[in-house]
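*Asks:* Handing over input28.txt, compact mmCIF, C-alpha atoms.
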# COMPACT_ATOMS: atom_id res chain seq x y z
CA MET A 284 0.00 0.00 0.00
CA THR A 285 2.77 2.41 0.94
CA SER A 286 4.60 1.36 -2.23
CA ALA A 287 1.74 2.63 -4.38
CA ILE A 288 1.72 5.92 -2.49
CA ARG A 289 5.52 6.17 -2.81
CA LEU A 290 5.30 5.39 -6.53
CA VAL A 291 2.80 8.17 -7.20
CA PHE A 292 4.08 10.83 -4.86
CA SER A 293 7.75 10.40 -5.70
CA ASN A 294 6.83 12.59 -8.64
CA PRO A 295 6.72 16.17 -7.28
CA LYS A 296 3.98 17.06 -9.75
CA TYR A 297 1.55 14.71 -7.96
CA LEU A 298 2.75 15.79 -4.55
CA ILE A 299 2.03 19.44 -5.39
CA LEU A 300 -1.36 18.44 -6.82
CA SER A 301 -2.17 16.56 -3.63
CA ILE A 302 -1.19 19.47 -1.39
CA THR A 303 -3.23 21.83 -3.56
CA ILE A 304 -6.33 19.59 -3.43
CA PHE A 305 -6.01 19.13 0.33
CA SER A 306 -5.52 22.79 1.19
CA THR A 307 -8.19 24.04 -1.25
CA MET A 308 -10.81 21.53 -0.08
CA LEU A 309 -9.98 21.96 3.58
CA VAL A 310 -10.05 25.76 3.59
CA GLY A 311 -13.10 25.89 1.29
CA LEU A 312 -15.12 23.44 3.37
CA LEU A 313 -14.07 25.05 6.64
CA ILE A 314 -15.25 28.43 5.34
CA LEU A 315 -18.56 27.01 4.06
CA SER A 316 -19.14 25.20 7.34
CA GLU A 317 -18.25 28.32 9.34
CA TYR A 318 -15.15 27.02 11.05
CA ILE A 319 -13.20 29.84 9.39
CA PHE A 320 -14.37 33.43 8.91
CA LEU A 321 -12.67 35.90 6.63
CA GLU A 322 -14.57 39.07 7.56
CA PRO A 323 -14.19 41.37 9.38
CA TYR A 324 -11.17 39.47 10.72
CA VAL A 325 -9.64 36.17 9.67
CA VAL A 326 -10.53 33.88 12.53
CA SER A 327 -11.04 30.17 13.03
CA HIS A 328 -12.91 28.38 15.77
CA ILE A 329 -14.54 25.05 16.46
CA PRO A 330 -17.77 25.57 18.37
CA SER A 331 -18.44 22.93 20.99
CA GLY A 332 -20.60 20.16 19.61
CA THR A 333 -19.22 20.49 16.08
CA GLU A 334 -15.91 18.68 16.58
CA PHE A 335 -17.04 15.53 14.77
CA GLY A 336 -18.05 17.56 11.70
CA PHE A 337 -14.60 19.13 11.71
CA VAL A 338 -12.89 15.73 11.82
CA LEU A 339 -15.03 14.51 8.88
CA ILE A 340 -14.06 17.55 6.79
CA VAL A 341 -10.35 16.95 7.46
CA THR A 342 -10.79 13.25 6.58
CA ILE A 343 -12.64 13.98 3.30
CA SER A 344 -10.01 16.54 2.29
CA ALA A 345 -7.15 14.15 3.11
CA LEU A 346 -8.71 11.20 1.27
CA SER A 347 -9.53 13.37 -1.76
CA ALA A 348 -5.93 14.60 -1.79
CA LEU A 349 -4.77 10.98 -1.75
CA VAL A 350 -7.21 9.40 -4.19
CA LEU A 351 -7.51 12.02 -6.92
CA PRO A 352 -3.74 12.36 -7.71
CA MET A 353 -3.37 8.57 -7.65
CA ASN A 354 -6.11 8.24 -10.24
CA ILE A 355 -4.71 11.06 -12.35
CA PHE A 356 -1.34 9.24 -12.20
CA ARG A 357 -3.05 6.04 -13.32
CA ILE A 358 -4.70 7.79 -16.25
CA ASN A 359 -1.63 9.79 -17.29
CA ILE A 360 1.08 7.18 -16.88
CA LEU A 361 -0.76 3.98 -17.59
CA LYS A 362 -3.34 5.45 -19.97
CA LYS A 363 -6.03 3.52 -18.16
CA SER A 364 -9.74 4.25 -18.18
CA LYS A 365 -11.21 7.11 -16.16
CA GLN A 366 -13.70 4.83 -14.43
CA LYS A 367 -11.99 4.79 -11.03
CA MET A 368 -11.41 8.52 -11.18
CA GLY A 369 -15.20 8.91 -11.13
CA GLY A 370 -15.45 7.33 -7.66
CA GLY A 371 -12.92 9.78 -6.21
CA VAL A 372 -14.55 12.81 -7.81
CA PHE A 373 -18.03 11.64 -6.78
CA GLY A 374 -16.93 11.04 -3.17
CA SER A 375 -15.27 14.45 -2.99
CA ILE A 376 -18.30 16.25 -4.43
CA ILE A 377 -20.93 14.67 -2.19
CA GLY A 378 -18.67 15.09 0.83
CA ALA A 379 -18.31 18.78 0.01
CA ALA A 380 -21.99 19.32 -0.80
CA ALA A 381 -23.19 17.79 2.49
CA GLY A 382 -22.26 20.68 4.71
CA ALA A 383 -22.38 23.48 2.20
CA CYS A 384 -26.16 23.77 1.89
CA SER A 385 -27.12 24.70 5.42
CA CYS A 386 -28.33 28.05 6.70
CA GLY A 387 -25.30 29.79 5.19
CA PRO A 388 -25.21 31.87 2.01
CA ILE A 389 -25.16 28.86 -0.33
CA GLY A 390 -28.28 27.35 1.23
CA PHE A 391 -30.06 30.69 0.97
CA ALA A 392 -29.02 31.06 -2.69
CA VAL A 393 -30.24 27.55 -3.49
CA ILE A 394 -33.61 28.15 -1.81
CA SER A 395 -34.00 31.59 -3.41
CA THR A 396 -33.19 30.25 -6.87
CA PHE A 397 -34.98 26.91 -6.86
CA GLY A 398 -37.85 27.59 -4.45
CA SER A 399 -39.47 24.60 -2.76
CA VAL A 400 -37.32 22.08 -4.66
CA GLY A 401 -34.22 23.91 -3.46
CA ALA A 402 -35.58 24.03 0.07
CA THR A 403 -36.22 20.28 0.06
CA ALA A 404 -32.73 19.57 -1.31
CA THR A 405 -31.14 21.93 1.21
CA ALA A 406 -33.09 20.40 4.09
CA PHE A 407 -32.04 16.90 2.99
CA LEU A 408 -28.35 17.84 2.71
CA THR A 409 -28.48 19.57 6.09
CA ASN A 410 -30.47 16.87 7.89
CA TYR A 411 -28.18 14.10 6.68
CA GLU A 412 -24.94 16.07 6.68
CA ILE A 413 -23.02 13.65 8.91
CA PRO A 414 -24.26 10.39 7.28
CA ILE A 415 -23.61 11.85 3.80
CA ARG A 416 -20.07 12.78 4.79
CA ILE A 417 -19.50 9.29 6.22
CA ILE A 418 -20.78 7.78 2.95
CA ALA A 419 -18.43 10.10 1.03
CA ILE A 420 -15.53 8.88 3.16
CA GLY A 421 -16.60 5.29 2.45
CA ILE A 422 -16.67 5.94 -1.31
CA LEU A 423 -13.24 7.60 -1.18
CA ALA A 424 -11.82 4.74 0.93
CA ILE A 425 -13.15 2.11 -1.50
CA THR A 426 -11.78 4.09 -4.44
CA TYR A 427 -8.42 4.32 -2.67
CA PHE A 428 -8.15 0.57 -2.07
CA THR A 429 -9.24 -0.36 -5.60
CA THR A 430 -6.79 2.17 -7.05
CA VAL A 431 -3.92 0.79 -4.97
CA ARG A 432 -4.80 -2.74 -6.07
CA SER A 433 -4.93 -1.65 -9.71
CA LEU A 434 -1.58 0.09 -9.44
CA LYS A 435 -0.03 -3.02 -7.89
CA ILE A 436 -1.24 -5.14 -10.78
CA GLU A 437 -0.70 -2.62 -13.54
CA CYS A 438 2.73 -1.42 -12.38
CA LYS A 439 3.78 -4.86 -11.16
CA PHE A 440 5.72 -3.53 -8.19
CA ASP A 441 6.44 -5.56 -5.11
CA PRO A 442 3.92 -4.50 -2.47
CA ASN A 443 6.34 -5.49 0.32
CA SER A 444 9.20 -3.37 -0.91
CA MET B 14 -91.25 55.71 10.97
CA ASN B 15 -90.68 52.74 13.25
CA LYS B 16 -89.17 50.76 10.39
CA ILE B 17 -86.80 53.56 9.54
CA GLY B 18 -85.82 53.80 13.20
CA VAL B 19 -85.09 50.07 13.37
CA ILE B 20 -82.98 50.21 10.17
CA ILE B 21 -81.00 53.21 11.44
CA GLY B 22 -80.54 51.45 14.78
CA VAL B 23 -79.24 48.29 13.08
CA ILE B 24 -76.83 50.32 10.94
CA VAL B 25 -75.55 52.26 13.96
CA ILE B 26 -75.04 49.03 15.94
CA ALA B 27 -73.27 47.43 12.95
CA ILE B 28 -70.94 50.44 12.62
CA ILE B 29 -70.15 50.44 16.35
CA ALA B 30 -69.56 46.66 16.33
CA GLY B 31 -67.28 46.97 13.29
CA ALA B 32 -65.32 49.80 14.87
CA VAL B 33 -64.90 47.87 18.15
CA ALA B 34 -63.80 44.71 16.28
CA SER B 35 -61.32 46.63 14.17
CA LEU B 36 -59.97 48.49 17.20
CA SER B 37 -59.52 45.32 19.27
CA SER B 38 -57.82 43.56 16.34
CA SER B 39 -55.40 46.40 15.72
CA THR B 40 -54.67 46.63 19.45
CA SER B 41 -53.53 43.00 19.59
CA GLU B 42 -51.61 43.26 16.31
CA THR B 43 -49.69 46.30 17.39
CA MET B 44 -49.12 45.18 20.94
CA ASN B 45 -45.63 46.05 22.09
CA LEU B 46 -44.93 47.51 18.68
CA ASP B 47 -43.28 50.85 18.25
CA MET B 48 -43.82 51.35 14.55
CA GLU B 49 -41.14 54.01 14.41
CA ARG B 50 -38.49 51.80 15.96
CA SER B 51 -35.38 51.48 13.86
CA HIS B 52 -31.69 50.89 14.48
CA GLY B 53 -29.30 52.28 11.91
CA THR B 54 -30.84 51.56 8.54
CA ILE B 55 -32.90 48.63 9.81
CA SER B 56 -36.54 48.86 10.78
CA THR B 57 -36.81 46.70 13.89
CA ALA B 58 -40.41 47.72 14.57
CA MET B 59 -41.68 44.22 13.82
CA GLY B 60 -38.75 42.44 15.45
CA SER B 61 -38.36 41.15 18.97
CA PRO B 62 -38.66 43.28 22.07
CA ILE B 63 -35.36 44.90 23.01
CA LEU B 64 -33.26 42.74 25.31
CA GLY B 65 -31.26 44.85 27.72
CA ASP B 66 -31.07 48.57 28.34
CA HIS B 67 -33.17 50.44 25.77
CA SER B 68 -30.82 53.41 25.94
CA ALA B 69 -27.61 51.40 25.45
CA PRO B 70 -25.32 53.04 22.87
CA ILE B 71 -24.96 49.87 20.80
CA THR B 72 -27.61 47.56 19.38
CA ILE B 73 -26.83 44.08 18.15
CA ILE B 74 -29.41 42.90 15.63
CA GLU B 75 -29.51 39.20 14.86
CA PHE B 76 -31.23 37.90 11.76
CA GLY B 77 -32.02 34.27 12.51
CA ASP B 78 -34.10 31.22 11.80
CA TYR B 79 -35.23 28.90 14.60
CA GLN B 80 -34.33 25.83 12.53
CA CYS B 81 -30.81 27.02 11.68
CA HIS B 82 -28.05 24.93 13.24
CA GLN B 83 -25.50 27.72 13.11
CA CYS B 84 -27.94 29.99 14.97
CA TYR B 85 -28.15 27.25 17.58
CA ASN B 86 -24.35 27.14 17.78
CA TRP B 87 -24.14 30.91 18.17
CA PHE B 88 -26.91 30.95 20.77
CA HIS B 89 -25.07 28.39 22.91
CA ASN B 90 -21.43 29.28 22.27
CA THR B 91 -21.25 33.05 21.76
CA LYS B 92 -24.40 34.73 23.00
CA PRO B 93 -23.92 33.94 26.72
CA ALA B 94 -20.59 35.80 26.80
CA ILE B 95 -22.02 38.76 24.87
CA PHE B 96 -24.96 38.88 27.23
CA GLU B 97 -22.74 38.80 30.29
CA ASP B 98 -20.17 41.36 29.12
CA TYR B 99 -22.23 43.79 27.05
CA ILE B 100 -26.00 43.39 27.47
CA ALA B 101 -26.21 42.84 31.23
CA THR B 102 -23.76 45.70 31.78
CA GLY B 103 -25.82 48.15 29.70
CA LYS B 104 -23.15 48.63 27.03
CA ALA B 105 -25.35 47.10 24.33
CA ASN B 106 -28.83 45.81 23.75
CA PHE B 107 -30.08 43.05 21.50
CA VAL B 108 -32.88 42.64 18.97
CA PHE B 109 -33.82 39.46 17.11
CA VAL B 110 -35.30 39.82 13.63
CA ASP B 111 -36.70 36.72 11.96
CA MET B 112 -35.33 35.49 8.69
CA ALA B 113 -37.57 32.47 8.44
CA PHE B 114 -36.49 30.74 5.22
CA LEU B 115 -35.15 27.30 5.99
CA GLY B 116 -38.31 25.18 6.09
CA ARG B 117 -42.07 25.19 6.40
CA ASP B 118 -41.90 25.13 10.21
CA SER B 119 -39.60 28.18 10.39
CA PRO B 120 -42.29 30.88 9.90
CA LYS B 121 -44.63 29.11 12.32
CA ALA B 122 -41.92 28.98 15.00
CA ALA B 123 -41.24 32.68 14.50
CA GLN B 124 -44.97 33.49 14.77
CA ALA B 125 -45.13 31.45 17.98
CA THR B 126 -42.57 33.74 19.62
CA TYR B 127 -44.85 36.73 19.02
CA CYS B 128 -47.80 34.81 20.44
CA ALA B 129 -45.62 34.31 23.52
CA GLU B 130 -44.82 38.02 23.46
CA GLU B 131 -48.53 38.75 23.93
CA GLN B 132 -48.12 37.10 27.32
CA GLU B 133 -44.78 38.88 27.90
CA MET B 134 -42.75 35.70 27.47
CA TYR B 135 -41.02 36.40 24.15
CA TRP B 136 -37.45 35.83 25.31
CA GLU B 137 -38.34 32.78 27.38
CA TYR B 138 -40.00 31.23 24.33
CA HIS B 139 -37.15 32.29 22.02
CA ASP B 140 -34.60 30.72 24.35
CA MET B 141 -36.67 27.57 24.66
CA LEU B 142 -36.77 27.13 20.86
CA TYR B 143 -33.00 27.36 20.64
CA THR B 144 -32.65 24.98 23.55
CA LEU B 145 -35.00 22.37 22.09
CA GLN B 146 -33.84 22.65 18.47
CA GLU B 147 -33.31 19.24 16.88
CA ASP B 148 -31.04 18.23 14.02
CA LYS B 149 -33.63 17.82 11.32
CA ILE B 150 -35.16 20.76 9.47
CA ASP B 151 -38.95 20.25 9.35
CA GLY B 152 -38.44 17.06 11.35
CA GLY B 153 -41.48 17.88 13.49
CA TRP B 154 -39.76 19.44 16.49
CA ALA B 155 -41.17 22.89 15.56
CA ASN B 156 -44.58 21.92 14.18
CA SER B 157 -47.73 23.53 15.55
CA GLU B 158 -48.37 20.81 18.12
CA ARG B 159 -44.86 21.02 19.53
CA LEU B 160 -44.96 24.82 19.56
CA LYS B 161 -48.17 24.64 21.61
CA ALA B 162 -46.60 22.07 23.94
CA ILE B 163 -43.64 24.40 24.51
CA ALA B 164 -46.06 27.20 25.42
CA LEU B 165 -47.75 24.90 27.90
CA ASP B 166 -44.39 23.95 29.44
CA LEU B 167 -43.58 27.63 29.88
CA GLY B 168 -46.86 28.17 31.72
CA LEU B 169 -48.46 30.34 29.05
CA ASP B 170 -52.24 30.57 28.77
CA SER B 171 -52.86 27.70 26.33
CA ASP B 172 -56.16 28.93 24.92
CA LEU B 173 -54.77 32.36 24.23
CA PHE B 174 -51.59 30.99 22.70
CA GLU B 175 -53.30 28.36 20.55
CA GLY B 176 -55.86 30.86 19.29
CA CYS B 177 -53.06 33.23 18.38
CA LEU B 178 -50.93 30.59 16.64
CA ASP B 179 -53.82 29.03 14.72
CA SER B 180 -55.04 32.42 13.52
CA GLY B 181 -51.71 33.12 11.82
CA LYS B 182 -52.06 36.74 12.93
CA TYR B 183 -48.31 37.31 13.00
CA SER B 184 -47.50 35.82 9.61
CA LYS B 185 -47.21 39.26 8.03
CA ARG B 186 -44.94 40.40 10.85
CA VAL B 187 -42.58 37.51 10.17
CA GLN B 188 -42.74 38.17 6.42
CA TYR B 189 -41.89 41.82 7.04
CA ASN B 190 -38.88 40.84 9.13
CA THR B 191 -37.67 38.39 6.51
CA GLN B 192 -38.00 41.13 3.90
CA GLN B 193 -35.95 43.47 6.13
CA ALA B 194 -33.21 40.83 6.10
CA ARG B 195 -33.32 40.52 2.31
CA ASP B 196 -33.30 44.30 1.92
CA HIS B 197 -30.07 44.41 3.92
CA ASN B 198 -28.36 41.76 1.79
CA VAL B 199 -28.56 39.11 4.45
CA ARG B 200 -27.77 35.87 2.61
CA GLY B 201 -27.81 33.36 5.42
CA THR B 202 -28.35 32.95 9.12
CA PRO B 203 -27.26 33.93 11.63
CA ASN B 204 -26.29 37.36 10.40
CA PHE B 205 -25.67 40.36 12.58
CA ILE B 206 -25.71 44.10 12.19
CA VAL B 207 -24.05 45.91 15.06
CA VAL B 208 -25.29 49.48 15.23
CA GLY B 209 -23.14 51.93 17.17
CA PRO B 210 -23.12 55.68 17.66
CA ASP B 211 -20.93 56.21 14.58
CA GLY B 212 -22.26 53.64 12.17
CA GLN B 213 -23.05 50.01 11.71
CA GLN B 214 -21.14 46.86 10.84
CA GLN B 215 -22.41 43.60 9.41
CA LEU B 216 -21.10 40.25 10.64
CA GLY B 217 -22.00 37.13 8.71
CA GLY B 218 -22.23 33.72 10.33
CA ALA B 219 -21.96 32.28 13.81
CA GLN B 220 -18.80 34.22 14.60
CA PRO B 221 -16.99 33.66 17.89
CA PHE B 222 -17.08 36.01 20.86
CA SER B 223 -13.58 37.34 20.10
CA VAL B 224 -14.84 38.93 16.86
CA PHE B 225 -17.85 40.54 18.55
CA LYS B 226 -15.59 41.81 21.32
CA GLN B 227 -13.29 43.54 18.84
CA VAL B 228 -16.21 45.10 16.96
CA LEU B 229 -18.09 46.17 20.09
CA ASP B 230 -15.04 47.54 21.91
CA LYS B 231 -14.23 49.70 18.91
CA MET B 232 -17.72 51.21 19.01
CA ILE B 233 -17.84 51.95 22.74
Step by step, read the file and then write its structure as structure tokens.

*Replies:*
Amino acid sequence: MTSAIRLVFSNPKYLILSITIFSTMLVGLLILSEYIFLEPYVVSHIPSGTEFGFVLIVTISALSALVLPMNIFRINILKKSKQKMGGGVFGSIIGAAAGACSCGPIGFAVISTFGSVGATATAFLTNYEIPIRIIAIGILAITYFTTVRSLKIECKFDPNS
Amino acid sequence: MNKIGVIIGVIVIAIIAGAVASLSSSTSETMNLDMERSHGTISTAMGSPILGDHSAPITIIEFGDYQCHQCYNWFHNTKPAIFEDYIATGKANFVFVDMAFLGRDSPKAAQATYCAEEQEMYWEYHDMLYTLQEDKIDGGWANSERLKAIALDLGLDSDLFEGCLDSGKYSKRVQYNTQQARDHNVRGTPNFIVVGPDGQQQLGGAQPFSVFKQVLDKMI
């Protein structure tokens, strides 16, 4: 497992991509979920009772940063199909959407634009925020393991090395 | 002659009855309302009663929804410190203006607070809603039956409260408040406008006490 990670991230291009995905997703999701505020002062805080949500955001960002570059590597280097990439992108998107549509500006915009359909969608994403994020983590974890297995077979490296 | 007298009498009674009905209705609608009340550019006439010293130099206006989780977070994590340091000490006062947009139970919950206000229990009811808030939007925790049960728990006159809530008499008041929020570019809840002697500042989201402290201390 570590061999696959070493294989991909030994290339600085994928390491930079991973860091970029992690930091962008983490900061973006923390702003949307109101763990970070930019105005009037840049400030971060974790209100009591929201610690678990914070941990899920960090986990989704970390898994996305791991899975997406590995799949891009697989497509670029091995010219393989984009099928597995879909799992990583899907997991990242639903994980991000879960917390974004609450009572914050995005939720308001969705409700204002789409009316009762938007309100229903927003309520669903808010009500099931934690389960949706856990499902997203599950999808990303499955995508990670299948990608590692594919890389082992396709690159024929020794997994114990 | 007698017939004419009876007709005139009926008309006079009808006019008097109409006037009395209209007067009593407008009295209950405008109860506790100072239609001229505004803070900065915001009309708070239809908002909550003022919490704290009415003559405090700073007013914190919260635009909120009773089903909003971030409003719940702010209520439990930030508001107690603001209350202790600024509202209880007379440095600031506080007004809640409804922005009821999240679900079908949001406007009803907001109306219920004004029904409680009729019995001078607005803030007790407001606090109770944010204490009892559950995770699910429109999950039933703020439906009419539960709102009535909360009133009963608070010792409000049930008949009066239920009559008020079922009549929907405060729906326009809640709509007006929500429109005030939209007019001031409020795009989510909670959202705050802090009005001081020299101007006003908007704060979006359930910001921590440290941010409020910096903003308020600058205005004092």

*Asks:* Considering all atoms listed in the file, tabulate each residue of chain B that lies at most 9 Å from chain A along with its nearest interatomic pair and the corresponding distance in Å to one decimal; arrange the rows by chain and ascending residue number and present them as CSV.

*Replies:*
residue,atom,partner,partner_atom,distance
B:Asp78,CA,A:Cys386,CA,8.3
B:Gln80,CA,A:Cys386,CA,8.7
B:Cys81,CA,A:Cys386,CA,5.7
B:His82,CA,A:Cys386,CA,7.3
B:Gln83,CA,A:Cys386,CA,7.0
B:Cys84,CA,A:Cys386,CA,8.5
B:Asn86,CA,A:Pro330,CA,6.8
B:Trp87,CA,A:Pro330,CA,8.3
B:His89,CA,A:Ser331,CA,8.8
B:Asn90,CA,A:Pro330,CA,6.5
B:Thr91,CA,A:Pro330,CA,8.9
B:Phe114,CA,A:Phe391,CA,7.7
B:Leu115,CA,A:Ala402,CA,6.8
B:Gly116,CA,A:Ala402,CA,6.7
B:Asp148,CA,A:Asn410,CA,6.3
B:Lys149,CA,A:Asn410,CA,4.8
B:Ile150,CA,A:Ala406,CA,5.8
B:Asp151,CA,A:Ala406,CA,7.9
B:Gly152,CA,A:Asn410,CA,8.7
B:Val199,CA,A:Pro388,CA,8.3
B:Arg200,CA,A:Pro388,CA,4.8
B:Gly201,CA,A:Gly387,CA,4.4
B:Thr202,CA,A:Cys386,CA,5.5
B:Pro203,CA,A:Cys386,CA,7.7
B:Gln214,CA,A:Pro323,CA,9.0
B:Gln215,CA,A:Pro323,CA,8.5
B:Leu216,CA,A:Pro323,CA,7.1
B:Gly217,CA,A:Glu322,CA,7.8
B:Gly218,CA,A:Glu317,CA,6.8
B:Ala219,CA,A:Glu317,CA,7.0
B:Gln220,CA,A:Phe320,CA,7.3
B:Pro221,CA,A:His328,CA,7.0
B:Ser223,CA,A:Val326,CA,8.9
B:Val224,CA,A:Tyr324,CA,7.2
B:Val228,CA,A:Pro323,CA,8.7

*Asks:* Just give me the gap between CA of His139 (chain B) and CA of Tyr79 (chain B) in Å, one decimal is fine.

*Replies:*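 The value is 8.4 Å.
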
*Asks:* Taking 3 positions as the minimum chain separation for residues in the same chain, which residues sit within 6 Å of region 100-110 of chain B when counting all atoms listed in the file? Answer as a ChimeraX atom specification.

*Replies:* /B:60-61,63-66,69,71-76,96-97,190

*Asks:* Taking all atoms of region 399-404 of chain A that the file lists, what box with edges along x, y and z, padded by 5 Å per side, do you get, with centre and edge lengths in Å to one decimal, as AutoDock Vina command-line options?

*Replies:*
--center_x -36.1 --center_y 22.1 --center_z -2.3 --size_x 16.7 --size_y 15.0 --size_z 14.7

*Asks:* Mind giving me the straight-line distance from CA of Ile417 (chain A) to CA of Ile343 (chain A) in Å, one decimal?

*Replies:*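 Result for CA of Ile417 (chain A) versus CA of Ile343 (chain A): 8.8 Å, one decimal.
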
*Asks:* For Thr126 (chain B), which residue among B:Cys177, B:Leu145, B:Leu229, B:Val208 is the nearest when counting all atoms listed in the file?

*Replies:* B:Cys177

*Asks:* Skip Ile95 (chain B) itself and residues of its chain fewer than 5 positions away, then list as a PyMOL selection string all residues within 8 Å of it, counting all atoms listed in the file.

*Replies:* chain B and resi 100+222+225-226

*Asks:* Could you work out how far CA of Pro295 (chain A) lies from CA of Leu349 (chain A), giving the answer in Å with one decimal?

*Replies:*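 Computed distance, CA of Leu349 (chain A) to CA of Pro295 (chain A), equals 13.8 Å.
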
*Asks:* Residues at most 8 Å from Val187 (chain B), counting all atoms listed in the file, excluding those fewer than 2 positions away in the same chain, as an mmCIF file with C-alpha atoms, keeping the file's coordinate frame?

*Replies:*
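Contents of selection14.cif, as written:
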data_model
loop_
_atom_site.group_PDB
_atom_site.id
_atom_site.type_symbol
_atom_site.label_atom_id
_atom_site.label_comp_id
_atom_site.auth_asym_id
_atom_site.auth_seq_id
_atom_site.Cartn_x
_atom_site.Cartn_y
_atom_site.Cartn_z
ATOM 1 C CA MET B 59 -41.680 44.220 13.820
ATOM 2 C CA ASP B 111 -36.700 36.720 11.960
ATOM 3 C CA MET B 112 -35.330 35.490 8.690
ATOM 4 C CA ALA B 113 -37.570 32.470 8.440
ATOM 5 C CA PRO B 120 -42.290 30.880 9.900
ATOM 6 C CA ALA B 123 -41.240 32.680 14.500
ATOM 7 C CA GLN B 124 -44.970 33.490 14.770
ATOM 8 C CA TYR B 183 -48.310 37.310 13.000
ATOM 9 C CA SER B 184 -47.500 35.820 9.610
ATOM 10 C CA LYS B 185 -47.210 39.260 8.030
ATOM 11 C CA TYR B 189 -41.890 41.820 7.040
ATOM 12 C CA ASN B 190 -38.880 40.840 9.130
ATOM 13 C CA THR B 191 -37.670 38.390 6.510
#

*Asks:* Write out as a VMD selection string which residues come within 7 Å of Phe174 (chain B) when counting all atoms listed in the file, dropping same-chain ones fewer than 3 positions away.

*Replies:* chain B and resid 128 to 129 170 to 171 177 to 178

*Asks:* Hey, what's within 9 Å of region 421-437 of chain A if we count all atoms listed in the file and toss same-chain stuff fewer than 4 positions away? As a list of chain:residue names, please?

*Replies:*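 The neighbour list is A:Met284, A:Ser286, A:Ala287, A:Ile288, A:Ile343, A:Leu346, A:Ser347, A:Leu349, A:Val350, A:Leu351, A:Met353, A:Asn354, A:Arg357, A:Leu361, A:Lys367, A:Met368, A:Gly369, A:Gly370, A:Gly371, A:Val372, A:Phe373, A:Gly374, A:Ser375, A:Arg416, A:Ile417, A:Asp441, A:Pro442.
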
*Asks:* Of the candidates A:Leu313, A:Leu290, A:Leu408, A:Ala379, which one gets nearest to Glu334 (chain A) if we count all atoms listed in the file?

*Replies:*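 Closest residue, counting all atoms listed in the file: A:Leu313.
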
*Asks:* So, with all atoms listed in the file as the atoms that count, which of B:Gly181, B:Ala122, B:Glu175, B:Tyr127 lies closest to Trp154 (chain B)?

*Replies:* B:Ala122

*Asks:* Missing atoms in region 157-168 of chain B: fill them in up to N, CA and C atoms and send the result as a compact mmCIF listing (two decimals), in the coordinates of the input.

*Replies:*
# COMPACT_ATOMS: atom_id res chain seq x y z
N SER B 157 -46.76 22.80 14.72
CA SER B 157 -47.73 23.53 15.55
C SER B 157 -47.97 22.86 16.90
N GLU B 158 -48.08 21.52 16.87
CA GLU B 158 -48.37 20.81 18.12
C GLU B 158 -47.25 20.98 19.13
N ARG B 159 -46.01 20.87 18.63
CA ARG B 159 -44.86 21.02 19.53
C ARG B 159 -44.74 22.46 20.03
N LEU B 160 -45.04 23.40 19.15
CA LEU B 160 -44.96 24.82 19.56
C LEU B 160 -45.97 25.10 20.69
N LYS B 161 -47.15 24.47 20.57
CA LYS B 161 -48.17 24.64 21.61
C LYS B 161 -47.73 23.95 22.91
N ALA B 162 -47.09 22.80 22.76
CA ALA B 162 -46.60 22.07 23.94
C ALA B 162 -45.53 22.89 24.67
N ILE B 163 -44.69 23.56 23.90
CA ILE B 163 -43.64 24.40 24.51
C ILE B 163 -44.29 25.53 25.32
N ALA B 164 -45.35 26.12 24.72
CA ALA B 164 -46.06 27.20 25.42
C ALA B 164 -46.63 26.70 26.74
N LEU B 165 -47.17 25.50 26.69
CA LEU B 165 -47.75 24.90 27.90
C LEU B 165 -46.66 24.69 28.96
N ASP B 166 -45.51 24.18 28.51
CA ASP B 166 -44.39 23.95 29.44
C ASP B 166 -43.92 25.25 30.09
N LEU B 167 -44.03 26.34 29.34
CA LEU B 167 -43.58 27.63 29.88
C LEU B 167 -44.64 28.29 30.77
N GLY B 168 -45.80 27.64 30.86
CA GLY B 168 -46.86 28.17 31.72
C GLY B 168 -47.67 29.27 31.07
